[in-house]
Each structure stands twice: as structure tokens, then as C-alpha cells.
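S.K.: The file below is upload_24.tsv, TSV, C-alpha atoms and all ligand atoms:
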```
chain	number	residue	atom	x	y	z
A	1	MET	CA	6.32	140.06	50.80
A	2	ASN	CA	7.31	136.53	49.83
A	3	VAL	CA	10.25	135.96	52.15
A	4	LYS	CA	11.51	132.76	50.52
A	5	LYS	CA	11.64	134.47	47.13
A	6	TYR	CA	13.44	137.46	48.69
A	7	LEU	CA	16.05	135.16	50.26
A	8	ILE	CA	16.59	133.01	47.16
A	9	GLU	CA	16.99	136.05	44.91
A	10	LYS	CA	19.45	137.67	47.30
A	11	ILE	CA	21.43	134.46	47.80
A	12	ALA	CA	21.88	134.24	44.01
A	13	LYS	CA	23.94	137.45	44.32
A	14	GLY	CA	26.05	136.47	47.35
A	15	THR	CA	26.15	135.29	50.95
A	16	LEU	CA	23.62	136.80	53.33
A	17	HIS	CA	23.77	137.66	57.01
A	18	PHE	CA	20.89	136.96	59.38
A	19	THR	CA	20.58	138.53	62.82
A	20	LEU	CA	19.06	136.24	65.44
A	21	LEU	CA	17.31	137.83	68.39
A	22	ASP	CA	16.07	135.79	71.35
A	23	PRO	CA	12.92	137.37	72.87
A	24	ASP	CA	13.97	136.14	76.29
A	25	LYS	CA	17.39	137.81	76.22
A	26	GLN	CA	16.54	141.51	76.34
A	27	PRO	CA	13.68	143.97	76.84
A	28	VAL	CA	11.50	144.52	73.77
A	29	GLU	CA	12.83	148.04	73.08
A	30	GLU	CA	16.39	146.79	73.14
A	31	ALA	CA	15.60	144.01	70.66
A	32	ALA	CA	14.08	146.62	68.34
A	33	ASP	CA	17.12	148.84	68.74
A	34	ILE	CA	19.52	145.98	67.93
A	35	ALA	CA	17.46	145.05	64.85
A	36	ALA	CA	17.60	148.65	63.60
A	37	LYS	CA	21.37	148.79	64.14
A	38	ALA	CA	21.86	145.45	62.37
A	39	GLU	CA	19.75	146.70	59.46
A	40	ALA	CA	21.92	149.81	59.20
A	41	ALA	CA	25.02	147.58	59.30
A	42	GLY	CA	23.75	145.54	56.33
A	43	THR	CA	22.08	142.44	57.77
A	44	ASP	CA	19.53	140.87	55.40
A	45	ALA	CA	16.84	139.43	57.68
A	46	ILE	CA	15.93	139.20	61.33
A	47	MET	CA	15.35	135.79	62.85
A	48	ILE	CA	13.44	135.73	66.14
A	49	GLY	CA	13.69	132.77	68.49
A	50	GLY	CA	15.50	130.95	71.27
A	51	SER	CA	15.76	127.49	72.78
A	52	THR	CA	14.19	128.25	76.15
A	53	ASP	CA	11.69	130.67	77.72
A	54	VAL	CA	10.14	131.95	74.51
A	55	THR	CA	6.53	132.70	75.39
A	56	GLN	CA	3.63	133.81	73.21
A	57	ASP	CA	3.83	137.20	74.95
A	58	ASN	CA	7.55	137.95	74.70
A	59	LEU	CA	7.55	136.63	71.11
A	60	ASP	CA	4.54	138.72	70.00
A	61	GLU	CA	5.84	141.88	71.64
A	62	THR	CA	9.40	141.46	70.34
A	63	ALA	CA	8.21	140.70	66.80
A	64	LYS	CA	5.89	143.72	66.82
A	65	ALA	CA	8.62	146.09	68.07
A	66	ILE	CA	11.16	144.78	65.54
A	67	LYS	CA	8.66	145.23	62.71
A	68	LYS	CA	8.21	148.87	63.74
A	69	ALA	CA	11.95	149.51	64.03
A	70	CYS	CA	13.16	148.02	60.76
A	71	LYS	CA	11.98	147.12	57.28
A	72	LEU	CA	13.71	143.76	56.95
A	73	PRO	CA	11.77	140.50	56.78
A	74	THR	CA	11.27	138.85	60.16
A	75	ILE	CA	11.43	135.07	60.34
A	76	TYR	CA	10.30	133.13	63.38
A	77	PHE	CA	12.90	130.52	64.38
A	78	PRO	CA	10.75	128.28	66.58
A	79	SER	CA	11.64	126.10	69.52
A	80	GLY	CA	8.27	124.37	69.41
A	81	ALA	CA	4.57	124.89	68.79
A	82	HIS	CA	3.86	126.42	72.22
A	83	ALA	CA	4.41	129.93	70.83
A	84	ILE	CA	3.87	131.03	67.23
A	85	SER	CA	3.46	134.65	66.26
A	86	GLY	CA	1.52	136.17	63.40
A	87	ASN	CA	3.61	139.31	63.89
A	88	CYS	CA	6.48	137.74	61.94
A	89	ASP	CA	6.50	137.58	58.15
A	90	ALA	CA	7.54	133.94	57.91
A	91	ILE	CA	8.43	130.90	59.97
A	92	PHE	CA	11.27	128.49	59.42
A	93	PHE	CA	9.11	125.38	59.36
A	94	MET	CA	11.93	123.17	60.46
A	95	SER	CA	12.71	119.66	61.52
A	96	MET	CA	15.65	118.83	63.77
A	97	VAL	CA	16.54	115.85	61.65
A	98	ASN	CA	19.22	114.44	63.93
A	99	SER	CA	17.10	114.48	67.06
A	100	ALA	CA	16.57	111.21	68.90
A	101	SER	CA	13.01	112.30	69.65
A	102	VAL	CA	10.18	112.13	67.17
A	103	ASP	CA	8.76	115.29	68.80
A	104	TRP	CA	11.49	117.46	67.31
A	105	ILE	CA	11.50	115.68	63.97
A	106	ILE	CA	7.75	115.91	63.27
A	107	GLY	CA	5.68	116.12	66.50
A	108	GLU	CA	5.93	119.86	67.18
A	109	GLN	CA	5.45	120.55	63.47
A	110	VAL	CA	2.16	118.63	63.48
A	111	LYS	CA	1.06	120.66	66.50
A	112	GLY	CA	1.97	123.92	64.77
A	113	SER	CA	0.89	123.45	61.16
A	114	LEU	CA	-2.75	124.52	61.40
A	115	ILE	CA	-1.90	127.47	63.64
A	116	THR	CA	0.73	128.58	61.12
A	117	LYS	CA	-1.88	128.49	58.36
A	118	LYS	CA	-4.47	130.31	60.44
A	119	LEU	CA	-2.01	133.08	61.26
A	120	GLY	CA	-1.13	133.47	57.58
A	121	LEU	CA	2.56	132.96	58.32
A	122	GLU	CA	4.69	132.00	55.32
A	123	PRO	CA	6.24	128.60	56.04
A	124	ILE	CA	9.80	128.13	54.78
A	125	SER	CA	10.80	124.49	55.12
A	126	MET	CA	14.20	123.81	56.59
A	127	GLY	CA	16.26	120.82	57.64
A	128	TYR	CA	18.02	121.65	60.91
A	129	ILE	CA	21.17	119.68	61.66
A	130	ILE	CA	22.94	119.93	65.00
A	131	VAL	CA	26.73	119.74	64.91
A	132	GLU	CA	28.97	119.37	67.99
A	133	PRO	CA	29.03	121.00	70.51
A	134	GLY	CA	25.30	121.59	69.91
A	135	MET	CA	24.85	123.58	73.12
A	136	LYS	CA	21.42	124.21	74.67
A	137	VAL	CA	19.44	123.61	71.48
A	138	GLY	CA	21.08	120.21	71.08
A	139	GLU	CA	20.24	119.32	74.66
A	140	VAL	CA	16.64	120.54	74.55
A	141	GLY	CA	16.07	118.94	71.16
A	142	ARG	CA	17.65	115.63	72.27
A	143	ALA	CA	20.00	115.83	69.30
A	144	VAL	CA	22.63	113.27	68.49
A	145	PRO	CA	25.08	115.94	67.29
A	146	ILE	CA	27.15	115.29	64.19
A	147	LYS	CA	30.79	114.85	65.21
A	148	ARG	CA	32.98	117.67	63.99
A	149	ASP	CA	35.06	115.36	61.80
A	150	ASP	CA	32.08	113.39	60.44
A	151	LEU	CA	31.84	115.12	57.07
A	152	LYS	CA	30.03	112.18	55.53
A	153	GLY	CA	27.38	112.25	58.28
A	154	ALA	CA	26.74	115.96	57.73
A	155	MET	CA	26.60	115.49	53.94
A	156	SER	CA	24.19	112.55	54.25
A	157	TYR	CA	21.81	114.39	56.54
A	158	ALA	CA	21.89	117.54	54.40
A	159	LEU	CA	21.23	115.70	51.16
A	160	ALA	CA	18.42	113.69	52.77
A	161	CYS	CA	16.81	117.02	53.76
A	162	GLU	CA	17.04	118.26	50.18
A	163	TYR	CA	15.63	115.00	48.79
A	164	LEU	CA	12.74	115.25	51.26
A	165	GLY	CA	11.89	118.61	49.70
A	166	MET	CA	13.22	121.02	52.32
A	167	SER	CA	14.02	124.45	50.88
A	168	PHE	CA	16.95	125.26	53.16
A	169	VAL	CA	19.46	123.34	55.26
A	170	TYR	CA	20.88	124.79	58.48
A	171	LEU	CA	24.12	123.54	60.06
A	172	GLU	CA	23.95	124.56	63.72
A	173	ALA	CA	26.82	124.39	66.23
A	174	GLY	CA	24.55	125.87	68.91
A	175	SER	CA	24.17	129.37	70.25
A	176	GLY	CA	27.27	130.47	72.13
A	177	ALA	CA	29.35	127.53	70.87
A	178	ASP	CA	33.06	127.92	71.51
A	179	ARG	CA	33.76	126.57	68.00
A	180	PRO	CA	31.61	127.26	64.96
A	181	VAL	CA	30.81	124.56	62.38
A	182	PRO	CA	34.18	123.61	60.81
A	183	PRO	CA	34.72	125.25	57.39
A	184	GLU	CA	35.65	121.85	55.91
A	185	MET	CA	32.22	120.53	56.93
A	186	ILE	CA	30.50	123.56	55.37
A	187	LYS	CA	32.44	122.96	52.16
A	188	ALA	CA	31.71	119.22	52.07
A	189	VAL	CA	27.98	119.82	52.59
A	190	LYS	CA	27.85	122.66	50.08
A	191	ASP	CA	29.49	120.44	47.47
A	192	VAL	CA	26.58	117.96	47.52
A	193	LEU	CA	23.72	120.38	48.14
A	194	SER	CA	21.61	122.34	45.64
A	195	VAL	CA	19.43	124.18	48.16
A	196	PRO	CA	20.80	127.12	50.18
A	197	LEU	CA	22.94	126.35	53.21
A	198	ILE	CA	22.57	128.37	56.41
A	199	VAL	CA	25.33	128.19	59.04
A	200	GLY	CA	25.28	129.42	62.62
A	201	GLY	CA	26.46	128.97	66.18
A	202	GLY	CA	29.60	130.48	67.68
A	203	ILE	CA	30.33	132.95	64.88
A	204	ARG	CA	31.45	136.20	66.50
A	205	THR	CA	34.50	137.47	64.62
A	206	PRO	CA	35.05	138.75	61.07
A	207	GLU	CA	37.52	135.86	60.57
A	208	ALA	CA	34.97	133.19	61.49
A	209	ALA	CA	32.29	134.85	59.34
A	210	LYS	CA	34.66	135.07	56.39
A	211	ALA	CA	35.76	131.44	56.80
A	212	ALA	CA	32.11	130.28	56.74
A	213	ARG	CA	31.39	132.37	53.64
A	214	LEU	CA	34.49	131.17	51.79
A	215	ALA	CA	33.62	127.56	52.67
A	216	GLY	CA	30.28	128.02	50.90
A	217	ALA	CA	27.66	129.19	53.42
A	218	ASP	CA	24.75	130.95	51.70
A	219	ALA	CA	23.62	132.65	54.88
A	220	ILE	CA	25.46	133.21	58.14
A	221	VAL	CA	23.56	133.63	61.40
A	222	THR	CA	24.88	135.54	64.37
A	223	GLY	CA	22.92	135.83	67.58
A	224	THR	CA	25.03	136.17	70.72
A	225	PHE	CA	27.55	138.49	69.04
A	226	VAL	CA	24.92	140.93	67.75
A	227	GLU	CA	23.03	140.90	71.05
A	228	ARG	CA	26.19	141.75	73.00
A	229	CYS	CA	27.93	144.07	70.57
A	230	SER	CA	27.92	147.69	71.62
A	231	ASP	CA	30.36	148.91	68.98
A	232	ASP	CA	28.69	149.74	65.65
A	233	SER	CA	31.89	149.41	63.66
A	234	GLU	CA	32.58	145.95	65.11
A	235	LEU	CA	29.05	144.95	64.14
A	236	LYS	CA	29.60	146.26	60.61
A	237	ASN	CA	32.89	144.36	60.31
A	238	VAL	CA	31.34	141.00	61.15
A	239	ILE	CA	28.35	141.55	58.84
A	240	LYS	CA	30.66	142.77	56.07
A	241	ALA	CA	32.89	139.72	56.45
A	242	ALA	CA	29.84	137.44	56.28
A	243	LYS	CA	28.61	139.05	53.09
A	244	GLY	CA	31.94	139.62	51.38
A	301	LIG	C1	21.85	129.84	67.18
A	301	LIG	O1	23.10	129.66	65.19
A	301	LIG	C2	22.48	130.55	66.06
A	301	LIG	O2	20.72	129.16	66.77
A	301	LIG	C3	23.35	131.67	66.51
A	301	LIG	O3	24.37	131.26	67.39
A	301	LIG	O4	24.28	132.88	69.28
A	301	LIG	O5	26.39	131.64	68.77
A	301	LIG	O6	25.60	133.43	67.25
A	301	LIG	P1	25.22	132.37	68.22
```
Any chance you could give the structure as C-alpha cells?

M.R.:
Amino acid sequence: MNVKKYLIEKIAKGTLHFTLLDPDKQPVEEAADIAAKAEAAGTDAIMIGGSTDVTQDNLDETAKAIKKACKLPTIYFPSGAHAISGNCDAIFFMSMVNSASVDWIIGEQVKGSLITKKLGLEPISMGYIIVEPGMKVGEVGRAVPIKRDDLKGAMSYALACEYLGMSFVYLEAGSGADRPVPPEMIKAVKDVLSVPLIVGGGIRTPEAAKAARLAGADAIVTGTFVERCSDDSELKNVIKAAKG
């Protein structure tokens, strides 16, 4: 399966929903169970990753179990080159473009490129932009988060990513953020961008998912909400609101 082609073709028909599962957050069987439930509720792809404590072992095992439990494409969402799994279909080959550290802009990518090739993982290039509050990923990645009212800053970073040839741009408020990326920022970025725009961090209600979609997000990521949700109809409602 060519995952990028699958995503681009689906995005042409409407906004997508991605489920993010952190290998460190639950036992392997539970991750597989959540992925299956999210698939039944209409999610379009499973992203696997987390900012801390992702190991080669928990990543490999989680990716394998998810693959068995659902048919959706699995995309590794890396926090560095220390763990990369050939059990995923693709990897977001991403640069945290507003990091203050060269490691997160290009260093980890250099460390991981040959391994990615050897594993036969499909690389999908992505510009990753941290927006306030930024949370753990902002801290670990030494980001200089875009201020929530700095629309021009977000637009400039996003367009620079596109001009550098990145296939996707991701606006990230950080996992567990108390406020998602502001809809007016999503709209401003979408207005200047030709490549698909992914939005995530702090989206846990149908209202927030709908607001991100209406503002122009091409794909909406939910992690914490899906991991914690025990009510199938609530899960469906958020995914439905994301997809419209
Ligand atoms: C984090 O954007 C994702 O990288 C998801 O964030 O856990 O807040 O849904 P949440």
C-alpha cells in the first residue's frame, strides 16, 4: 500500500481523522483494541508514537498488534531515531521546524534515514510546527512555540515547509493541551498552503473537532481522547465531527 497516495486521495474527498496511540501509554493488547474500535468508528489511519519512553520493543510490539487488529494504514510518528519500526506501513519523516535545536530539525532525521530505507518504511515528509502551549513535545523538542495570536508566524513556517518540498504540514498544540490550535490560525495557514494540513493537540470534543474541520484542517489527530474514551458512541461522535 502506498500510504501517501491513500491519504491524498482520501483528503480530496474530505477531512480525515487519525488516531494516535502512544506505545508507552497502555499494554499492547489494549492499543490493538483501541485501534480496532477507532477503525469501526470511522478513523482513517493509525499513528503510533509518543514524546517520551518509546522503545524499539514497545513500538515493535504495539505496531505488530495494531496491524493484526485492524486493516488501516499505520504511520510511525517518531520522537527520534532511537526507535524505528518496520512493522508500520509508513513513517512521518518530519522536521520540527520551529525547534531551537538542530537535532530536531535535521539531526535525528540524518540518524534515521538509512534505517528507514533498510526497513522498507515509506517516508512521508512533514513539516511539524509547535503552537502554544506545546506541552511535552515542545519541551523535549526545544521548540520555540508559535504564539497563539501569531498567525503570520504560523503561515510563514507552513509555507516555508511547503516550499522546501514537504508533503504535509502539521500544526501541533501538544498532546493533552488545554486549548487546541486556534481555528483562526488553521484558517490562516490553510489559506496560503497547497499541501494537506494536519492539526492536533487538545482536541477531545465534537465541537473542537468540527471547528478544526470547518477552519480547513485536512486531517485531525486525536490521541489522549481516543486512549481514554470508554464510550463507543462518544468516540464515534468525535470522529464523525472531524470528518463531517
Ligand atoms: C499529539 O496532536 C497529537 O501529538 C494528539 O494530541 O493527545 O491532545 O489528542 P492529544

S.K.: Have a look at CA of Ile220 (chain A) and CA of Arg204 (chain A) and let me know their distance in Å, one decimal.

M.R.: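 So the two atoms, CA of Ile220 (chain A) and CA of Arg204 (chain A), lie 10.7 Å apart.
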
S.K.: Could you list, as a count of residues only, all residues that come within 8 Å of ligand LIG 301 (chain A)? Count all atoms listed in the file.

M.R.: 23

S.K.: Hey, which of A:Gly134, A:Pro78, A:Gly112, A:Pro27 ends up closest to Met47 (chain A)? Count only C-alpha atoms.

M.R.: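 The closest residue to Met47 (chain A) is A:Pro78.
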
S.K.: Using only C-alpha atoms for the distances, tell me which of A:Ser194, A:Ser95, A:Thr15, A:Asn2 is nearest to Ala212 (chain A).

M.R.: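 Nearest candidate to Ala212 (chain A) out of A:Ser194, A:Ser95, A:Thr15, A:Asn2: A:Thr15.
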
S.K.: What is the CA of Glu61 (chain A)-CA of Val28 (chain A) distance in Å, reported with one decimal?

M.R.: 6.6 Å

S.K.: I'd like the neighbourhood of Leu119 (chain A) as a PyMOL selection string, where a residue qualifies if any of its atoms comes within 8 Å (using all atoms listed in the file), though same-chain residues fewer than 2 positions away should be ignored.

M.R.: chain A and resi 85-86+115-117+121

S.K.: Choose the residue, out of A:Lys37, A:Ser79, A:Leu151, A:Pro73, that has the smallest atom-to-atom separation from Thr55 (chain A); count all atoms listed in the file.

M.R.: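 Smallest separation from Thr55 (chain A) among the options: A:Ser79.
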
S.K.: From the list A:Val144, A:Glu184, A:Lys13, A:Arg228, which residue is nearest Gln26 (chain A) when using all atoms listed in the file?

M.R.: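 Looking only at the distances to Gln26 (chain A), the closest residue turns out to be A:Arg228.
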
S.K.: Mind listing as a tab-separated table (two decimals) with C-alpha atoms, in the coordinates of the input all residues within 10 Å of (24.7, 143.0, 55.7), counting all atoms listed in the file?

M.R.:
```tsv
chain	number	residue	atom	x	y	z
A	15	THR	CA	26.15	135.29	50.95
A	16	LEU	CA	23.62	136.80	53.33
A	17	HIS	CA	23.77	137.66	57.01
A	18	PHE	CA	20.89	136.96	59.38
A	19	THR	CA	20.58	138.53	62.82
A	38	ALA	CA	21.86	145.45	62.37
A	39	GLU	CA	19.75	146.70	59.46
A	40	ALA	CA	21.92	149.81	59.20
A	41	ALA	CA	25.02	147.58	59.30
A	42	GLY	CA	23.75	145.54	56.33
A	43	THR	CA	22.08	142.44	57.77
A	44	ASP	CA	19.53	140.87	55.40
A	45	ALA	CA	16.84	139.43	57.68
A	235	LEU	CA	29.05	144.95	64.14
A	236	LYS	CA	29.60	146.26	60.61
A	237	ASN	CA	32.89	144.36	60.31
A	238	VAL	CA	31.34	141.00	61.15
A	239	ILE	CA	28.35	141.55	58.84
A	240	LYS	CA	30.66	142.77	56.07
A	241	ALA	CA	32.89	139.72	56.45
A	242	ALA	CA	29.84	137.44	56.28
A	243	LYS	CA	28.61	139.05	53.09
A	244	GLY	CA	31.94	139.62	51.38
```
